[in-house]
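Have a look at structure_12.txt; it's compact mmCIF, C-alpha atoms (C1' of nucleotides):
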# COMPACT_ATOMS: atom_id res chain seq x y z
CA MET A 1145 47.19 77.34 115.37
CA ARG A 1146 48.12 80.07 113.02
CA ILE A 1147 51.05 81.97 111.61
CA SER A 1148 52.22 84.85 113.79
CA ALA A 1149 53.07 88.27 112.44
CA LEU A 1150 56.73 87.83 113.23
CA GLU A 1151 56.81 84.57 111.31
CA GLU A 1152 55.05 86.01 108.30
CA TYR A 1153 56.99 89.26 108.00
CA GLY A 1154 60.29 87.79 109.10
CA LEU A 1155 60.07 85.11 106.47
CA ARG A 1156 59.31 87.71 103.82
CA CYS A 1157 62.31 89.80 104.78
CA LEU A 1158 64.49 86.74 104.64
CA VAL A 1159 63.18 85.82 101.22
CA THR A 1160 63.93 89.33 100.02
CA LEU A 1161 67.47 88.97 101.26
CA ALA A 1162 67.78 85.50 99.79
CA LYS A 1163 67.03 86.95 96.36
CA GLU A 1164 70.17 89.07 96.67
CA GLY A 1165 72.31 86.01 97.20
CA THR A 1166 75.20 85.51 99.60
CA ASP A 1167 77.14 88.32 97.97
CA GLY A 1168 74.34 90.86 97.97
CA MET A 1169 73.48 93.28 100.70
CA LEU A 1170 70.48 95.38 101.66
CA SER A 1171 70.06 98.02 104.34
CA ILE A 1172 67.13 98.04 106.73
CA ALA A 1173 65.69 100.96 104.79
CA ASP A 1174 65.93 98.97 101.57
CA ILE A 1175 64.13 95.99 103.02
CA ALA A 1176 61.50 98.11 104.74
CA GLN A 1177 60.73 99.82 101.48
CA LYS A 1178 60.63 96.61 99.46
CA GLU A 1179 58.29 94.93 101.95
CA GLY A 1180 56.13 97.93 102.84
CA LEU A 1181 57.09 97.77 106.51
CA SER A 1182 58.21 100.49 108.89
CA VAL A 1183 61.92 100.92 109.45
CA PRO A 1184 61.80 100.25 113.22
CA TYR A 1185 59.77 97.12 112.77
CA THR A 1186 62.01 95.84 110.02
CA SER A 1187 64.88 96.55 112.35
CA LYS A 1188 63.40 94.31 114.98
CA LEU A 1189 62.74 91.52 112.51
CA LEU A 1190 66.28 91.59 111.18
CA SER A 1191 67.61 91.63 114.70
CA ILE A 1192 65.82 88.39 115.46
CA LEU A 1193 67.03 86.82 112.24
CA ARG A 1194 70.59 87.86 113.01
CA LYS A 1195 70.55 86.47 116.53
CA ASN A 1196 69.47 83.17 115.07
CA GLY A 1197 72.25 83.07 112.54
CA LEU A 1198 70.07 83.47 109.48
CA VAL A 1199 71.49 86.80 108.35
CA VAL A 1200 74.78 88.59 108.85
CA ALA A 1201 74.95 92.28 109.66
CA GLU A 1202 77.60 94.77 108.65
CA ARG A 1203 77.56 97.92 110.71
CA GLY A 1204 78.56 101.45 109.95
CA ARG A 1205 78.31 103.46 106.81
CA GLY A 1206 77.66 101.33 103.78
CA GLY A 1207 76.52 98.48 106.00
CA GLY A 1208 73.49 96.28 105.72
CA PHE A 1209 72.38 92.68 105.88
CA THR A 1210 73.36 89.61 103.92
CA ILE A 1211 71.81 86.19 103.97
CA ALA A 1212 74.00 83.98 106.14
CA ARG A 1213 74.05 80.89 103.92
CA ASP A 1214 73.05 79.74 100.50
CA PRO A 1215 69.24 79.88 100.28
CA GLN A 1216 69.24 76.21 99.42
CA GLU A 1217 70.76 75.47 102.81
CA ILE A 1218 68.08 77.27 104.83
CA ASP A 1219 64.82 75.43 105.32
CA LEU A 1220 61.59 76.93 106.57
CA PHE A 1221 61.54 74.95 109.78
CA GLU A 1222 64.63 76.77 110.90
CA VAL A 1223 63.14 80.10 109.91
CA ILE A 1224 59.75 79.61 111.52
CA THR A 1225 61.28 78.25 114.70
CA ALA A 1226 63.68 81.18 114.89
CA LEU A 1227 60.86 83.70 114.55
CA GLY A 1228 58.08 82.02 116.46
CA GLY A 1229 59.69 79.58 118.84
CA PRO A 1230 59.08 75.85 118.88
CA ILE A 1231 55.81 74.61 117.45
CA ILE A 1232 55.18 72.55 120.56
CA ASP A 1233 56.78 73.90 123.68
CA PRO A 1234 59.17 71.55 125.41
CA ASP A 1235 57.35 72.43 128.61
CA HIS A 1236 53.98 71.78 127.07
CA CYS A 1237 52.69 69.87 130.09
CA THR A 1238 53.52 72.59 132.57
CA ARG A 1239 52.34 75.38 130.29
CA PHE A 1240 48.93 73.80 129.86
CA SER A 1241 48.54 72.53 133.37
CA GLY A 1242 45.28 74.30 134.18
CA GLN A 1243 45.05 75.12 137.84
CA ARG A 1244 47.45 72.44 138.95
CA GLU A 1245 51.20 72.26 138.99
CA GLU A 1246 51.30 69.76 136.19
CA CYS A 1247 48.91 68.54 133.55
CA VAL A 1248 46.26 66.15 134.81
CA HIS A 1249 47.23 63.72 132.09
CA ALA A 1250 50.84 63.74 133.11
CA ASP A 1251 51.32 60.34 131.57
CA ASN A 1252 49.43 58.53 128.89
CA CYS A 1253 48.05 61.72 127.40
CA SER A 1254 46.61 60.97 123.99
CA VAL A 1255 45.97 64.62 123.25
CA HIS A 1256 49.55 65.59 123.81
CA GLU A 1257 50.65 62.61 121.80
CA VAL A 1258 48.63 63.65 118.79
CA LEU A 1259 49.59 67.30 119.05
CA GLY A 1260 53.22 66.27 119.28
CA GLY A 1261 52.66 64.16 116.19
CA LEU A 1262 51.17 67.16 114.47
CA ALA A 1263 54.22 69.24 115.34
CA GLY A 1264 56.47 66.60 113.80
CA TYR A 1265 54.26 66.49 110.76
CA ILE A 1266 54.50 70.23 110.32
CA GLN A 1267 58.23 70.08 110.81
CA GLU A 1268 58.44 67.51 108.06
CA PHE A 1269 56.73 69.86 105.66
CA LEU A 1270 58.75 72.90 106.63
CA SER A 1271 62.06 71.05 106.56
CA ARG A 1272 61.44 69.94 103.02
CA THR A 1273 61.06 73.52 101.78
CA THR A 1274 64.03 75.85 101.47
CA LEU A 1275 64.34 79.53 100.74
CA ALA A 1276 65.63 78.56 97.33
CA ASP A 1277 62.24 77.02 96.63
CA LEU A 1278 60.58 80.33 97.45
CA ILE A 1279 62.63 82.47 95.12
CA SER A 1280 62.45 80.29 92.08
CA THR A 1281 60.41 81.77 89.25
CA GLY A 1282 57.78 79.08 88.81
CA PRO A 1283 54.33 80.50 89.48
CA VAL A 1284 52.97 77.42 91.20
CA ILE A 1285 54.85 75.23 93.60
CA GLU A 1286 54.24 71.51 93.55
CA LEU A 1287 54.33 68.96 96.30
CA LYS A 1288 56.49 65.93 96.06
CA PRO A 1289 55.26 62.55 97.25
CA LEU A 1290 55.82 62.17 100.94
CA SER A 1291 57.77 59.60 102.75
CA SER A 1292 55.05 57.49 104.26
CA ARG A 1293 56.19 57.90 107.81
CA VAL A 1294 57.14 60.80 109.94
CA ASN A 1295 60.20 59.76 111.81
CA VAL A 1296 60.09 62.36 114.50
CA GLN A 1297 57.38 61.27 116.83
CA SER A 1298 54.03 59.63 117.06
CA ALA A 1299 51.18 60.62 114.83
CA PRO A 1300 47.55 59.73 114.36
CA ARG A 1301 46.42 56.41 113.10
CA PRO A 1302 44.00 55.91 110.26
CA SER A 1303 40.40 56.76 110.78
CA ALA A 1304 37.58 55.27 108.81
CA GLU A 1305 36.59 58.43 107.08
CA MET A 1306 38.18 61.58 105.81
CA SER A 1307 35.81 64.43 106.34
CA GLY A 1308 38.25 66.91 104.86
CA GLY A 1309 36.04 69.23 103.00
CA GLY A 1310 36.10 72.93 102.24
CA MET A 1311 39.38 74.50 103.11
CA SER A 1312 39.03 78.22 103.23
CA ALA A 1313 42.59 79.25 102.52
CA ASP A 1314 42.53 81.39 99.41
CA ALA A 1315 45.07 81.72 96.67
CA GLU A 1316 44.65 84.86 94.69
CA MET B 840 52.69 78.70 114.77
CA ARG B 841 51.60 77.07 117.93
CA ILE B 842 48.60 75.65 119.70
CA SER B 843 46.53 78.21 121.59
CA ALA B 844 45.24 77.63 125.10
CA LEU B 845 41.67 77.47 123.89
CA GLU B 846 42.57 74.81 121.36
CA GLU B 847 44.47 72.73 123.88
CA TYR B 848 41.99 72.88 126.75
CA GLY B 849 38.92 72.82 124.54
CA LEU B 850 40.11 69.69 122.81
CA ARG B 851 40.76 68.04 126.17
CA CYS B 852 37.28 68.83 127.41
CA LEU B 853 35.81 67.45 124.25
CA VAL B 854 37.83 64.26 124.57
CA THR B 855 36.60 63.87 128.13
CA LEU B 856 33.03 64.18 126.91
CA ALA B 857 33.69 61.85 124.02
CA LYS B 858 34.70 59.16 126.49
CA GLU B 859 31.20 59.30 127.95
CA GLY B 860 29.67 58.55 124.59
CA THR B 861 26.57 60.05 122.98
CA ASP B 862 24.40 58.84 125.84
CA GLY B 863 26.61 60.10 128.64
CA MET B 864 26.48 63.48 130.24
CA LEU B 865 28.80 65.57 132.39
CA SER B 866 28.23 68.86 134.17
CA ILE B 867 30.66 71.75 133.93
CA ALA B 868 31.77 71.00 137.47
CA ASP B 869 32.48 67.39 136.50
CA ILE B 870 34.58 68.38 133.52
CA ALA B 871 36.41 71.12 135.40
CA GLN B 872 37.33 68.66 138.10
CA LYS B 873 38.42 65.95 135.66
CA GLU B 874 40.60 68.37 133.70
CA GLY B 875 41.92 70.44 136.58
CA LEU B 876 40.44 73.65 135.23
CA SER B 877 38.41 76.35 136.94
CA VAL B 878 34.65 76.18 136.61
CA PRO B 879 34.27 79.58 134.89
CA TYR B 880 36.95 78.79 132.37
CA THR B 881 35.49 75.38 131.64
CA SER B 882 32.20 77.14 131.20
CA LYS B 883 33.65 79.36 128.53
CA LEU B 884 35.24 76.44 126.71
CA LEU B 885 32.04 74.45 126.64
CA SER B 886 30.16 77.51 125.45
CA ILE B 887 32.42 77.75 122.43
CA LEU B 888 32.09 74.06 121.74
CA ARG B 889 28.32 74.28 121.96
CA LYS B 890 28.07 77.24 119.61
CA ASN B 891 30.03 75.24 117.08
CA GLY B 892 27.76 72.24 117.33
CA LEU B 893 30.28 69.93 118.92
CA VAL B 894 28.44 69.42 122.19
CA VAL B 895 24.82 69.65 123.25
CA ALA B 896 23.78 71.33 126.47
CA GLU B 897 20.89 70.47 128.72
CA ARG B 898 19.94 73.20 131.12
CA GLY B 899 18.38 73.17 134.53
CA ARG B 900 18.75 70.76 137.35
CA GLY B 901 20.32 67.51 136.32
CA GLY B 902 21.62 69.15 133.17
CA GLY B 903 25.05 68.97 131.61
CA PHE B 904 26.80 68.44 128.31
CA THR B 905 26.81 65.58 125.86
CA ILE B 906 28.99 65.07 122.83
CA ALA B 907 26.96 66.08 119.82
CA ARG B 908 27.90 63.20 117.53
CA ASP B 909 29.65 59.88 117.59
CA PRO B 910 33.35 60.53 118.34
CA GLN B 911 34.23 58.77 115.11
CA GLU B 912 32.34 61.45 113.21
CA ILE B 913 34.23 64.38 114.71
CA ASP B 914 37.67 65.08 113.31
CA LEU B 915 40.29 67.33 114.84
CA PHE B 916 40.21 69.85 112.03
CA GLU B 917 36.66 70.72 112.95
CA VAL B 918 37.61 70.96 116.62
CA ILE B 919 40.71 73.08 116.17
CA THR B 920 38.99 75.39 113.73
CA ALA B 921 36.04 75.82 116.09
CA LEU B 922 38.31 76.76 118.98
CA GLY B 923 41.02 78.73 117.22
CA GLY B 924 39.60 79.97 113.97
CA PRO B 925 40.95 79.18 110.51
CA ILE B 926 44.59 78.18 110.26
CA ILE B 927 45.18 80.65 107.47
CA ASP B 928 42.91 83.64 107.51
CA PRO B 929 40.86 84.12 104.38
CA ASP B 930 41.95 87.74 104.48
CA HIS B 931 45.59 86.83 104.89
CA CYS B 932 46.81 89.41 102.41
CA THR B 933 45.05 92.32 104.07
CA ARG B 934 45.91 91.13 107.56
CA PHE B 935 49.61 91.03 106.79
CA SER B 936 49.76 94.09 104.62
CA GLY B 937 52.40 95.97 106.60
CA GLN B 938 51.90 99.69 106.29
CA ARG B 939 50.02 99.52 103.05
CA GLU B 940 46.43 98.77 102.22
CA GLU B 941 47.28 95.45 100.72
CA CYS B 942 50.24 93.11 100.76
CA VAL B 943 53.15 94.23 98.58
CA HIS B 944 53.13 90.83 96.93
CA ALA B 945 49.47 91.06 96.04
CA ASP B 946 49.98 88.63 93.23
CA ASN B 947 52.62 86.01 92.64
CA CYS B 948 53.43 85.71 96.32
CA SER B 949 55.47 82.58 96.86
CA VAL B 950 55.42 82.99 100.63
CA HIS B 951 51.67 83.04 100.79
CA GLU B 952 51.54 80.13 98.42
CA VAL B 953 53.71 77.98 100.63
CA LEU B 954 51.98 78.99 103.84
CA GLY B 955 48.66 78.21 102.23
CA GLY B 956 50.06 74.86 101.26
CA LEU B 957 51.14 74.33 104.83
CA ALA B 958 47.64 75.09 106.06
CA GLY B 959 46.24 72.49 103.69
CA TYR B 960 48.84 70.05 104.84
CA ILE B 961 47.91 70.57 108.47
CA GLN B 962 44.26 70.24 107.62
CA GLU B 963 44.99 66.93 105.98
CA PHE B 964 46.54 65.63 109.16
CA LEU B 965 43.82 66.93 111.44
CA SER B 966 41.02 65.70 109.22
CA ARG B 967 42.41 62.21 109.31
CA THR B 968 42.27 62.04 113.08
CA THR B 969 38.99 61.73 114.95
CA LEU B 970 38.07 61.93 118.59
CA ALA B 971 37.58 58.18 118.50
CA ASP B 972 41.28 57.84 117.73
CA LEU B 973 42.07 59.83 120.86
CA ILE B 974 40.04 57.77 123.27
CA SER B 975 41.16 54.36 122.13
CA THR B 976 43.29 52.54 124.63
CA GLY B 977 46.44 52.01 122.60
CA PRO B 978 49.40 53.76 124.25
CA VAL B 979 51.06 54.84 121.03
CA ILE B 980 49.30 56.13 117.98
CA GLU B 981 50.66 55.26 114.57
CA LEU B 982 50.65 57.17 111.32
CA LYS B 983 49.21 55.67 108.23
CA PRO B 984 50.87 56.16 104.85
CA LEU B 985 49.78 59.41 103.30
CA SER B 986 48.15 60.01 100.06
CA SER B 987 51.02 61.37 98.03
CA ARG B 988 49.35 64.64 97.21
CA VAL B 989 47.52 67.22 99.19
CA ASN B 990 44.55 68.17 97.10
CA VAL B 991 43.68 71.40 98.83
CA GLN B 992 46.15 73.87 97.47
CA SER B 993 49.70 74.31 96.37
CA ALA B 994 52.58 73.11 98.46
CA PRO B 995 56.36 73.13 98.36
CA ARG B 996 58.35 71.26 95.85
CA PRO B 997 61.23 68.95 96.63
CA SER B 998 64.43 70.39 97.93
CA ALA B 999 67.80 68.75 97.58
CA GLU B 1000 68.33 68.14 101.23
CA MET B 1001 66.29 67.45 104.29
CA SER B 1002 67.89 69.18 107.19
CA GLY B 1003 65.23 67.95 109.55
CA GLY B 1004 67.17 67.20 112.65
CA GLY B 1005 66.47 67.69 116.30
CA MET B 1006 62.83 68.15 116.96
CA SER B 1007 62.37 69.40 120.44
CA ALA B 1008 58.83 68.29 121.10
CA ASP B 1009 58.94 65.95 124.02
CA ALA B 1010 56.84 62.93 124.75
CA GLU B 1011 57.04 61.85 128.30
C1' DA C 889 5.68 79.20 143.54
C1' DA C 890 9.87 78.99 145.69
C1' DA C 891 14.31 77.15 145.90
C1' DA C 892 18.13 74.63 144.19
C1' DT C 893 20.79 73.16 140.29
C1' DA C 894 23.14 74.11 136.23
C1' DC C 895 23.87 76.33 131.82
C1' DT C 896 24.53 81.38 129.63
C1' DT C 897 26.19 85.81 129.07
C1' DT C 898 28.64 89.94 130.03
C1' DA C 899 32.21 92.40 132.12
C1' DC C 900 36.79 92.80 133.90
C1' DA C 901 41.82 92.26 135.30
C1' DT C 902 46.04 90.26 133.75
C1' DT C 903 49.24 88.80 130.53
C1' DT C 904 51.25 88.37 126.04
C1' DG C 905 52.24 89.84 121.39
C1' DC C 906 52.46 93.78 118.06
C1' DG C 907 54.42 97.75 116.34
C1' DT C 908 56.52 102.35 117.36
C1' DA C 909 59.83 105.45 119.27
C1' DA C 910 64.01 106.99 120.88
C1' DA C 911 68.61 106.77 122.47
C1' DG C 912 73.09 104.11 121.92
C1' DA C 913 77.03 101.99 119.40
C1' DT C 914 79.95 101.18 115.29
C1' DT C 915 82.03 102.10 110.93
C1' DG C 916 83.47 104.98 106.95
C1' DG C 917 84.20 109.46 104.71
C1' DT C 918 85.92 114.13 104.97
C1' DA D 142 88.52 114.76 114.90
C1' DC D 143 84.11 115.12 113.27
C1' DC D 144 80.01 113.92 110.98
C1' DA D 145 76.92 110.99 108.69
C1' DA D 146 75.13 106.51 107.76
C1' DT D 147 73.73 102.29 109.65
C1' DC D 148 73.01 98.61 112.82
C1' DT D 149 71.64 97.71 118.13
C1' DT D 150 69.14 97.95 122.21
C1' DT D 151 65.73 99.41 125.42
C1' DA D 152 61.46 101.29 126.58
C1' DC D 153 56.77 102.35 125.65
C1' DG D 154 51.65 102.35 124.16
C1' DC D 155 48.12 99.59 122.03
C1' DA D 156 45.52 95.51 120.93
C1' DA D 157 44.48 90.68 121.47
C1' DA D 158 44.32 86.53 124.18
C1' DT D 159 43.87 84.51 128.75
C1' DG D 160 41.48 83.44 132.73
C1' DT D 161 38.27 85.08 136.50
C1' DA D 162 34.08 86.98 138.46
C1' DA D 163 29.46 87.93 138.72
C1' DA D 164 24.87 88.50 137.27
C1' DG D 165 21.26 86.24 134.36
C1' DT D 166 18.21 82.43 132.47
C1' DA D 167 16.14 77.88 132.30
C1' DT D 168 14.65 73.52 134.44
C1' DT D 169 13.51 70.39 138.05
C1' DT D 170 12.19 69.25 142.66
C1' DT D 171 9.56 70.15 146.63

Could you express the structure from this file as structure tokens?
Amino acid sequence: MRISALEEYGLRCLVTLAKEGTDGMLSIADIAQKEGLSVPYTSKLLSILRKNGLVVAERGRGGGFTIARDPQEIDLFEVITALGGPIIDPDHCTRFSGQREECVHADNCSVHEVLGGLAGYIQEFLSRTTLADLISTGPVIELKPLSSRVNVQSAPRPSAEMSGGGMSADAE
Amino acid sequence: MRISALEEYGLRCLVTLAKEGTDGMLSIADIAQKEGLSVPYTSKLLSILRKNGLVVAERGRGGGFTIARDPQEIDLFEVITALGGPIIDPDHCTRFSGQREECVHADNCSVHEVLGGLAGYIQEFLSRTTLADLISTGPVIELKPLSSRVNVQSAPRPSAEMSGGGMSADAE
DNA sequence: AAAATACTTTACATTTGCGTAAAGATTGGT
DNA sequence: ACCAATCTTTACGCAAATGTAAAGTATTTT
């Protein structure tokens, strides 16, 4: 359960392009230099973003990449899904089937239910954030109150206690 | 951004043990058979769970594994972290540094800020769900209203629109 | 004490993801 | 036409994760 390299770097490249606006343009070399990545790798990242309709390429001399839409119209769920695939595979039950053809808990699987709920929960978060939010100048980004229900799928029910303690994620 | 095999299968094994309660016990062979996994692989999973204090092993003839604590006292954040490591690496900025020593956006990195916020958000969800929630009989699990603020770290601010549309996670 | 049961550890083959490298295709300038 | 700049695609080597296999250690029963 963690961010893949493609997701991390691809998102950064897209943010860099978003800063240029829908009229701006950057070459692969430009982006690679701005992000400290190699040119071939940046090339691959942009290729993925293009195939998913997030950027538009112009070939030939003087070409480059432009963000496909207004940054406000691109949310992070779309970006992360484009770069890393679905958060929960549609074929979850066959992928994690152990030694059998299909998962032992083919029906009534509480684990799958909760993990599916988690995926919806994550989607909710990512969908609420757009590229525009990431390029605004404010140093700290705030969270708005949530709608009290995730309308995508099931999710966990209340437990007596919240053990949530020391999160290790650092913010420099 | 997806569930690893260790996280998926390890959680299942732990749920199976949780169903036996703190007085029950299952051998590796029992668990492997119940979950449709190979014995060596189940062995590895249980080893990880034991090293993280989630199960207790009894060796020798008649031995097996027992859940270490009451299922109500074990939340999914602890389980997922034990099996898959931290959701956001503490050394995020050096891990995703591209070709340089450190990330180009060493300070004032909005991407890292949001991804850190996401990690906290996920933690919030996982911490609220315990193993006891997963072994209760109810067919569908409901989500309780959230506290309106994640108190772990920063998180995204409101965007004008919620494009959240077709989630592909399936629930059979 | 010897043997059987069952956890523990290490090593290994396979697969997947990461990042690089190189050759191909398209456009614009001369 | 030709060349240069730039995106596009395919192929490759390396590292990490996945799952298996086998040898080792502890405990109980006989």

Would you kindly return, as a PyMOL selection string, each protein, DNA or RNA residue with an atom no farther than 6 Å from any atom of stretch 144-151 of chain D, considering all atoms listed in the file and excluding same-chain residues fewer than 2 positions away? chain A and resi 1203-1205+1207

Give me, as a PDB file with C-alpha atoms (C1' of nucleotides), keeping the file's coordinate frame, all polymer residues having an atom no more than 12 Å from C:DA892, counting only C-alpha atoms (C1' of nucleotides) and skipping those fewer than 4 positions away in the same chain.
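Output file part-v4.pdb is given in full below:
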ATOM      1  CA  GLY B 899      18.380  73.170 134.530  1.00  0.00           C
ATOM      2  CA  ARG B 900      18.750  70.760 137.350  1.00  0.00           C
ATOM      3  CA  GLY B 901      20.320  67.510 136.320  1.00  0.00           C
TER       4      GLY B 901
ATOM      5  C1'  DT D 168      14.650  73.520 134.440  1.00  0.00           C
ATOM      6  C1'  DT D 169      13.510  70.390 138.050  1.00  0.00           C
ATOM      7  C1'  DT D 170      12.190  69.250 142.660  1.00  0.00           C
ATOM      8  C1'  DT D 171       9.560  70.150 146.630  1.00  0.00           C
TER       9       DT D 171
END

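The space between atom CA of B:Ile842 and atom CA of B:His944 spans 27.7 Å.
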
Chain D near chain B within 12 Å: what's each residue's closest atom pair and its distance in Å to one decimal, counting all atoms listed in the file, ordered by chain then ascending residue number, as a Markdown table?
| residue | atom | partner | partner_atom | distance |
| --- | --- | --- | --- | --- |
| D:DA158 | C1' | B:Ser843 | CA | 9.0 |
| D:DT159 | C1' | B:Ala844 | CA | 7.9 |
| D:DG160 | C1' | B:Tyr880 | CA | 6.5 |
| D:DT161 | C1' | B:Pro879 | CA | 7.0 |
| D:DA162 | C1' | B:Pro879 | CA | 8.2 |
| D:DA163 | C1' | B:Pro879 | CA | 10.4 |
| D:DT166 | C1' | B:Arg898 | CA | 9.5 |
| D:DA167 | C1' | B:Gly899 | CA | 5.7 |
| D:DT168 | C1' | B:Gly899 | CA | 3.7 |
| D:DT169 | C1' | B:Arg900 | CA | 5.3 |
| D:DT170 | C1' | B:Arg900 | CA | 8.6 |

Counting all atoms listed in the file, which of C:DA889, C:DA911, C:DC906, C:DA899 gets nearest to chain A?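 Closest residue, counting all atoms listed in the file: C:DC906.
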
With distances taken over only C-alpha atoms (C1' of nucleotides), which residue among A:Met1145, A:Leu1189, A:Ala1212, A:Leu1275 lies nearest chain C?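 Using only C-alpha atoms (C1' of nucleotides), chain C sits closest to A:Leu1189.
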
Between atom CA of A:Pro1234 and atom CA of A:Val1255, distance in Å (one decimal):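 Between atom CA of A:Pro1234 and atom CA of A:Val1255 the gap is 15.1 Å.
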
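Among the candidates B:Tyr960, B:Phe916, B:Tyr848, B:Phe935, the residue lying nearest to chain C is B:Phe935 (atoms considered: only C-alpha atoms (C1' of nucleotides)).
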
Could you list, with a cut-off of 12 Å and counting only C-alpha atoms (C1' of nucleotides), the residues of chain C near chain A, each shown with its nearest atom pair and the distance in Å rounded to one decimal, rows sorted by chain and ascending number, as a Markdown table?
| residue | atom | partner | partner_atom | distance |
| --- | --- | --- | --- | --- |
| C:DG905 | C1' | A:Ser1148 | CA | 9.1 |
| C:DC906 | C1' | A:Ala1149 | CA | 7.9 |
| C:DG907 | C1' | A:Tyr1185 | CA | 6.5 |
| C:DT908 | C1' | A:Pro1184 | CA | 7.0 |
| C:DA909 | C1' | A:Pro1184 | CA | 8.2 |
| C:DA910 | C1' | A:Pro1184 | CA | 10.4 |
| C:DA913 | C1' | A:Gly1204 | CA | 9.6 |
| C:DT914 | C1' | A:Gly1204 | CA | 5.5 |
| C:DT915 | C1' | A:Gly1204 | CA | 3.7 |
| C:DG916 | C1' | A:Arg1205 | CA | 5.4 |
| C:DG917 | C1' | A:Arg1205 | CA | 8.7 |

Taking all atoms listed in the file into account, name the residue in B:Arg934, B:Leu876, B:Leu915, B:Gly956 that is nearest to chain A.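 Closest to chain A of all the choices is B:Leu876.
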
Can you pull out the residues contacting A:Pro1215? Cut-off 8 Å, using all atoms listed in the file, and skip same-chain residues under 4 positions away; I want them as a PDB file with C-alpha atoms, in the coordinates of the input.
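The new file out_0.pdb reads:
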ATOM      1  CA  ALA A1162      67.780  85.500  99.790  1.00  0.00           C
ATOM      2  CA  GLY A1165      72.310  86.010  97.200  1.00  0.00           C
ATOM      3  CA  ILE A1211      71.810  86.190 103.970  1.00  0.00           C
ATOM      4  CA  THR A1274      64.030  75.850 101.470  1.00  0.00           C
ATOM      5  CA  LEU A1275      64.340  79.530 100.740  1.00  0.00           C
ATOM      6  CA  ALA A1276      65.630  78.560  97.330  1.00  0.00           C
TER       7      ALA A1276
END

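The nearest approach to chain B among the residues A:Cys1157, A:Cys1253, A:Cys1237, A:Ile1231, with all atoms listed in the file taken into account, belongs to A:Ile1231.
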
For chain A, the nearest of the candidates B:Asp869, B:Lys858, B:Glu874, B:Arg908, counting all atoms listed in the file: B:Glu874

To one decimal in Å, tell me the separation between atom CA of B:Arg939 and atom C1' of C:DT903. 29.5 Å
